[in-house]
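Okay, protein.txt is below, compact mmCIF, C-alpha atoms:
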```txt
# COMPACT_ATOMS: atom_id res chain seq x y z
CA MET L 282 7.14 21.36 -12.09
CA SER L 283 9.26 20.23 -15.06
CA ARG L 284 9.81 16.62 -16.07
CA LEU L 285 13.39 16.83 -14.78
CA ASP L 286 12.18 18.14 -11.42
CA ASP L 287 9.60 15.34 -11.20
CA LEU L 288 12.30 12.74 -11.84
CA ARG L 289 14.62 14.25 -9.24
CA GLN L 290 11.81 13.81 -6.69
CA SER L 291 11.34 10.15 -7.64
CA LEU L 292 12.60 7.49 -5.26
CA LEU L 293 14.48 5.85 -8.13
CA PHE L 294 16.47 8.92 -9.09
CA GLN L 295 17.56 10.33 -5.75
CA ASP L 296 21.30 11.06 -5.43
CA VAL L 297 22.05 9.96 -9.00
CA LEU L 298 24.23 11.65 -11.60
CA PRO L 299 22.52 14.35 -13.72
CA GLU L 300 23.07 12.15 -16.78
CA ALA L 301 20.78 9.49 -15.30
CA VAL L 302 17.96 11.99 -14.88
CA GLN L 303 18.52 13.28 -18.41
CA ASP L 304 18.41 9.74 -19.84
CA ALA L 305 15.16 9.05 -18.00
CA ALA L 306 13.62 12.38 -19.06
CA SER L 307 14.17 11.49 -22.72
CA ALA L 308 12.51 8.08 -22.28
CA VAL L 309 9.47 8.61 -20.03
CA ILE L 310 5.95 9.32 -21.24
CA GLU L 311 3.64 11.59 -19.26
CA ARG L 312 0.33 9.99 -18.26
CA GLN L 313 -2.78 11.35 -16.55
CA PHE L 314 -5.40 9.26 -14.72
CA ARG L 315 -8.74 10.37 -13.37
CA SER L 316 -9.94 9.43 -9.89
CA GLY L 317 -11.17 5.81 -9.97
CA GLU L 318 -9.34 4.98 -13.19
CA LEU L 319 -7.19 1.85 -13.49
CA LEU L 320 -3.45 2.33 -13.83
CA LEU L 321 -2.54 -1.35 -13.79
CA GLN L 322 -4.61 -4.55 -13.94
CA GLN L 323 -3.73 -7.79 -12.16
CA ASP L 324 -2.79 -10.76 -14.39
CA VAL L 325 -2.29 -8.54 -17.45
CA PRO L 326 1.21 -8.57 -19.01
CA GLY L 327 3.20 -5.50 -18.00
CA ASP L 328 6.12 -3.92 -19.82
CA ALA L 329 6.29 -0.51 -18.13
CA LEU L 330 6.45 0.97 -14.65
CA LEU L 331 4.90 4.22 -13.46
CA LEU L 332 6.61 6.94 -11.43
CA LEU L 333 3.88 8.81 -9.57
CA THR L 334 4.41 12.57 -9.65
CA GLN L 335 1.06 13.66 -8.19
CA GLY L 336 -1.79 11.97 -6.37
CA SER L 337 -2.26 8.57 -4.75
CA VAL L 338 -3.31 5.06 -5.75
CA ARG L 339 -4.68 1.95 -4.07
CA VAL L 340 -3.14 -1.46 -4.66
CA THR L 341 -5.43 -4.50 -4.49
CA ARG L 342 -5.01 -8.18 -5.26
CA MET L 343 -7.65 -10.78 -6.06
CA SER L 344 -7.17 -14.15 -4.37
CA LEU L 345 -7.74 -17.50 -6.06
CA SER L 346 -11.09 -17.68 -4.25
CA GLY L 347 -12.14 -14.37 -5.82
CA ARG L 348 -11.79 -12.28 -2.66
CA GLU L 349 -10.27 -8.82 -3.04
CA ARG L 350 -7.52 -7.82 -0.61
CA VAL L 351 -6.33 -4.24 -0.23
CA MET L 352 -2.54 -4.33 -0.15
CA GLY L 353 -2.04 -0.64 0.58
CA ASP L 354 -1.94 2.88 -0.77
CA ILE L 355 0.99 4.52 -2.55
CA TYR L 356 1.55 8.26 -2.73
CA ALA L 357 3.65 10.38 -5.07
CA PRO L 358 6.60 10.17 -5.54
CA GLY L 359 6.07 6.41 -5.29
CA VAL L 360 6.63 3.74 -7.93
CA VAL L 361 4.18 1.09 -9.18
CA GLY L 362 4.45 -1.66 -11.76
CA GLU L 363 8.12 -2.49 -11.22
CA THR L 364 7.50 -6.16 -10.36
CA ALA L 365 6.18 -7.16 -13.78
CA VAL L 366 8.90 -5.10 -15.46
CA LEU L 367 11.62 -6.92 -13.52
CA GLU L 368 10.08 -10.38 -13.87
CA GLY L 369 8.92 -9.95 -17.45
CA GLY L 370 5.52 -11.38 -16.60
CA GLU L 371 2.00 -10.39 -15.58
CA ARG L 372 0.95 -7.72 -13.12
CA SER L 373 0.82 -9.06 -9.57
CA ALA L 374 -1.86 -6.58 -8.44
CA THR L 375 -4.39 -4.01 -9.59
CA VAL L 376 -3.64 -0.31 -9.09
CA ARG L 377 -6.45 2.27 -9.14
CA ALA L 378 -6.31 6.05 -8.73
CA LEU L 379 -7.74 7.35 -5.43
CA GLU L 380 -7.71 10.86 -6.89
CA ASP L 381 -6.47 12.50 -10.07
CA VAL L 382 -2.98 11.11 -10.67
CA SER L 383 -0.05 12.26 -12.79
CA ALA L 384 2.68 9.77 -13.63
CA LEU L 385 5.70 9.16 -15.84
CA MET L 386 5.68 5.85 -17.71
CA LEU L 387 9.00 4.11 -18.29
CA TYR L 388 9.13 1.03 -20.52
CA ARG L 389 11.25 -2.01 -19.70
CA ASP L 390 13.76 -1.59 -22.55
CA HIS L 391 14.53 1.99 -21.56
CA PHE L 392 14.63 1.07 -17.87
CA GLU L 393 17.15 -1.70 -18.53
CA GLN L 394 19.38 0.73 -20.41
CA ILE L 395 19.24 3.20 -17.51
CA LEU L 396 20.09 0.47 -14.98
CA ARG L 397 23.10 -0.64 -17.03
CA ARG L 398 24.40 2.90 -17.47
CA HIS L 399 23.64 4.16 -13.97
CA PRO L 400 24.10 1.56 -11.17
CA ARG L 401 22.92 4.06 -8.54
CA VAL L 402 19.39 3.73 -9.94
CA LEU L 403 19.62 -0.04 -9.39
CA TRP L 404 20.74 0.62 -5.80
CA ASN L 405 17.72 2.90 -5.25
CA LEU L 406 15.44 0.22 -6.68
CA SER L 407 16.94 -2.36 -4.32
CA ARG L 408 16.33 -0.06 -1.34
CA LEU L 409 12.73 0.47 -2.45
CA LEU L 410 12.07 -3.26 -2.72
CA ALA L 411 13.81 -3.98 0.61
CA ARG L 412 11.63 -1.36 2.31
CA ARG L 413 8.49 -2.98 0.91
CA VAL L 414 9.57 -6.39 2.19
CA THR L 415 10.14 -4.92 5.65
CA LEU L 416 6.70 -3.29 5.67
CA LEU L 417 5.09 -6.52 4.50
CA ASN L 418 6.79 -8.48 7.26
CA ASP L 419 5.59 -5.97 9.84
CA GLU L 420 2.03 -6.24 8.53
CA LEU L 421 2.11 -10.05 8.57
CA ILE L 422 3.23 -9.98 12.21
CA ALA L 423 0.44 -7.54 13.10
CA LEU L 424 -2.18 -9.62 11.27
CA GLY L 425 -1.03 -12.67 13.22
CA GLN L 426 -1.76 -11.05 16.58
CA ASN L 427 -5.35 -9.77 16.74
CA THR L 428 -7.73 -7.53 14.84
CA GLU L 429 -7.14 -4.48 17.01
CA THR L 430 -3.37 -4.69 16.59
CA ALA L 431 -3.74 -5.34 12.85
CA LEU L 432 -6.02 -2.35 12.38
CA ALA L 433 -3.79 -0.11 14.50
CA HIS L 434 -0.84 -1.13 12.33
CA VAL L 435 -2.72 -0.37 9.10
CA LEU L 436 -3.80 3.05 10.34
CA SER L 437 -0.34 3.93 11.67
CA SER L 438 1.37 2.81 8.46
CA LEU L 439 -0.99 4.83 6.29
CA TYR L 440 -0.48 7.86 8.51
CA ALA L 441 3.30 7.53 8.17
CA GLN L 442 2.97 7.32 4.38
CA ARG L 443 0.86 10.46 4.29
CA VAL L 444 3.33 12.32 6.50
CA GLY L 445 6.15 11.22 4.21
CA ALA L 446 4.21 12.44 1.17
CA GLY L 447 3.88 15.88 2.77
CA LEU L 448 0.09 15.95 2.77
CA ALA L 449 -1.65 18.83 4.53
CA GLN L 450 -3.84 16.60 6.74
CA PRO L 451 -2.00 13.29 7.13
CA GLN L 452 -4.17 12.31 10.09
CA VAL L 453 -7.31 12.15 7.90
CA LEU L 454 -7.25 8.70 6.31
CA PRO L 455 -9.40 7.89 3.23
CA LEU L 456 -10.72 4.60 4.60
CA GLY L 457 -14.24 3.26 4.88
CA THR L 458 -15.50 0.07 6.52
CA GLN L 459 -15.25 -1.95 3.30
CA ASP L 460 -11.68 -0.74 2.74
CA ILE L 461 -10.69 -1.94 6.21
CA MET L 462 -12.45 -5.27 5.72
CA ASN L 463 -10.52 -5.83 2.51
CA ARG L 464 -7.23 -4.75 4.09
CA ILE L 465 -7.26 -6.93 7.23
CA SER L 466 -9.59 -9.71 5.99
CA ALA L 467 -12.13 -9.20 8.75
CA SER L 468 -15.92 -9.23 8.83
CA ARG L 469 -18.00 -6.07 8.97
CA GLU L 470 -19.09 -6.91 12.52
CA THR L 471 -15.49 -7.39 13.68
CA VAL L 472 -14.35 -4.14 12.09
CA ALA L 473 -17.25 -2.25 13.67
CA ARG L 474 -16.47 -3.71 17.10
CA VAL L 475 -12.78 -2.85 16.92
CA MET L 476 -13.49 0.66 15.61
CA ARG L 477 -15.83 1.28 18.55
CA ARG L 478 -13.05 0.12 20.86
CA LEU L 479 -10.53 2.50 19.31
CA GLU L 480 -13.04 5.34 19.39
CA GLY L 481 -13.71 4.62 23.06
CA GLN L 482 -9.97 4.98 23.73
CA ARG L 483 -10.10 8.33 21.88
CA LEU L 484 -7.61 7.13 19.32
CA VAL L 485 -9.75 7.63 16.22
CA ARG L 486 -12.97 9.23 15.02
CA THR L 487 -14.98 8.14 11.98
CA VAL L 488 -16.22 10.97 9.77
CA GLY L 489 -18.09 9.87 6.65
CA GLY L 490 -15.77 7.74 4.54
CA THR L 491 -12.67 8.81 6.45
CA ILE L 492 -10.94 7.98 9.72
CA HIS L 493 -9.42 10.81 11.74
CA LEU L 494 -6.48 9.85 13.94
CA LEU L 495 -6.74 11.67 17.28
CA ASP L 496 -3.50 10.37 18.82
CA PRO L 497 -1.18 8.89 16.15
CA GLN L 498 1.68 8.29 18.60
CA ARG L 499 -0.45 6.27 21.02
CA LEU L 500 -1.99 4.37 18.10
CA ASP L 501 1.50 3.50 16.86
CA ARG L 502 2.40 2.10 20.27
CA LEU L 503 -0.74 -0.03 20.18
CA ALA L 504 0.30 -1.36 16.77
CA LEU L 505 3.53 -2.65 18.31
CA ASP L 506 1.81 -4.44 21.18
CA ALA L 507 0.53 -7.99 21.08
CA GLY L 508 -2.88 -8.77 22.52
CA GLU L 509 -5.42 -11.50 22.91
CA VAL L 510 -6.59 -13.27 19.79
CA ASP L 511 -10.15 -12.45 18.70
```

Re-express the file's structure as structure tokens.
Amino acid sequence: MSRLDDLRQSLLFQDVLPEAVQDAASAVIERQFRSGELLLQQDVPGDALLLLTQGSVRVTRMSLSGRERVMGDIYAPGVVGETAVLEGGERSATVRALEDVSALMLYRDHFEQILRRHPRVLWNLSRLLARRVTLLNDELIALGQNTETALAHVLSSLYAQRVGAGLAQPQVLPLGTQDIMNRISASRETVARVMRRLEGQRLVRTVGGTIHLLDPQRLDRLALDAGEVD
């Protein structure tokens, strides 16, 4: 796929004038990252964003107490690094490749020029940020209910992302016990207990370092239901 085709697939450049895509194509830099490699590092100054064109990444954030929290996974054609570019400050999170990743790097100065010349790109950016706020609010509500609801929400959200990315097996989630612990801030014992409960309901099956969703629709309904607090 050409650089122009990659940009047309990007969330930032959907339904924009051809000139906007051409301007971006002349400014971006192609980058390749191996599985496990850092794309962005928390608390490091950032002056460029990355448009993912292939692969997936995991976003994590270190708390003041030194505890790592998994914020979520992002799949191509997603965007990472836009917060520091907009704020002109440090990275708010760490982003690491879950597999080999291809991306287009766009520096702040060029991005500002594109936003001034092509307001539709700014509109797309606003929609992207609004969607992330909505997803964050949904996750905060789920985390405030109980561990089973929180985990069901995480699994359902990741499944929806994988479906949206057009992956061949969206129901196979790359999550291990430690990943879940870091995502929902629960102990290993609690995660194991809740996973056994979900397996007993024939909603999921654990296979190695992955979780297979057996009934995504029923799991999604569970994610919307409140339950007793653990």

Counting only C-alpha atoms, which residues come within 10 Å of (-7.5, 3.7, -12.9), with the point read in the file's coordinates, and could you list them as a CSV table (one decimal) with C-alpha atoms, in the coordinates of the input?
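part_21.csv, freshly written:
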```
chain,number,residue,atom,x,y,z
L,313,GLN,CA,-2.8,11.4,-16.6
L,314,PHE,CA,-5.4,9.3,-14.7
L,315,ARG,CA,-8.7,10.4,-13.4
L,316,SER,CA,-9.9,9.4,-9.9
L,317,GLY,CA,-11.2,5.8,-10.0
L,318,GLU,CA,-9.3,5.0,-13.2
L,319,LEU,CA,-7.2,1.8,-13.5
L,320,LEU,CA,-3.4,2.3,-13.8
L,321,LEU,CA,-2.5,-1.4,-13.8
L,322,GLN,CA,-4.6,-4.6,-13.9
L,338,VAL,CA,-3.3,5.1,-5.8
L,339,ARG,CA,-4.7,2.0,-4.1
L,375,THR,CA,-4.4,-4.0,-9.6
L,376,VAL,CA,-3.6,-0.3,-9.1
L,377,ARG,CA,-6.4,2.3,-9.1
L,378,ALA,CA,-6.3,6.0,-8.7
L,379,LEU,CA,-7.7,7.4,-5.4
L,380,GLU,CA,-7.7,10.9,-6.9
L,381,ASP,CA,-6.5,12.5,-10.1
L,382,VAL,CA,-3.0,11.1,-10.7
```

For a quick check of your reading of the model, name the residues lying within 8 Å of the coordinate (-9.3, -3.3, 18.5), counting only C-alpha atoms, and write them as a PDB file with C-alpha atoms, in the frame of the given file.
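Once everything was written out, this is point02.pdb:
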```
ATOM      1  CA  ASN L 427      -5.350  -9.770  16.740  1.00  0.00           C
ATOM      2  CA  THR L 428      -7.730  -7.530  14.840  1.00  0.00           C
ATOM      3  CA  GLU L 429      -7.140  -4.480  17.010  1.00  0.00           C
ATOM      4  CA  THR L 430      -3.370  -4.690  16.590  1.00  0.00           C
ATOM      5  CA  LEU L 432      -6.020  -2.350  12.380  1.00  0.00           C
ATOM      6  CA  ALA L 433      -3.790  -0.110  14.500  1.00  0.00           C
ATOM      7  CA  ARG L 474     -16.470  -3.710  17.100  1.00  0.00           C
ATOM      8  CA  VAL L 475     -12.780  -2.850  16.920  1.00  0.00           C
ATOM      9  CA  MET L 476     -13.490   0.660  15.610  1.00  0.00           C
ATOM     10  CA  ARG L 477     -15.830   1.280  18.550  1.00  0.00           C
ATOM     11  CA  ARG L 478     -13.050   0.120  20.860  1.00  0.00           C
ATOM     12  CA  LEU L 479     -10.530   2.500  19.310  1.00  0.00           C
TER      13      LEU L 479
END
```

Worksheet entry | Counting all atoms listed in the file, the option among L:Asn418, L:Ala357, L:Val366, L:Arg401 closest to Pro299 (chain L) | L:Arg401

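Among the candidates L:Glu371, L:Asp354, L:Glu363, L:Asp390, the one nearest to Leu410 (chain L) when counting all atoms listed in the file is L:Glu363.
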
Worksheet, complete the sentence: Students should find that CA of Ser383 (chain L) and CA of Glu311 (chain L) are spaced 7.5 Å

Worksheet entry | Long-range neighbours of Leu448 (chain L) as a list in words, 12 Å cut-off, only C-alpha atoms, 5 positions minimum in chain | Gln335, Gly336, Ser337, Tyr356, Ala357, Leu439, Tyr440, Ala441, Gln442, Arg443, Val453 and Leu454 of chain L

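Distance check against Thr341 (chain L) using all atoms listed in the file: of L:Asp501, L:Glu393, L:Asp460, L:Glu470, the minimum falls on L:Asp460.
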
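The shell of residues at most 12 Å from Thr487 (chain L), with all atoms listed in the file counted and near chain neighbours (fewer than 5 positions) removed, consists of Gln452, Val453, Leu454, Pro455, Leu456, Gly457, Thr458, Ala473, Met476, Arg477, Leu479, Glu480, Gly481, Ile492, His493, Leu494 and Leu495 of chain L.
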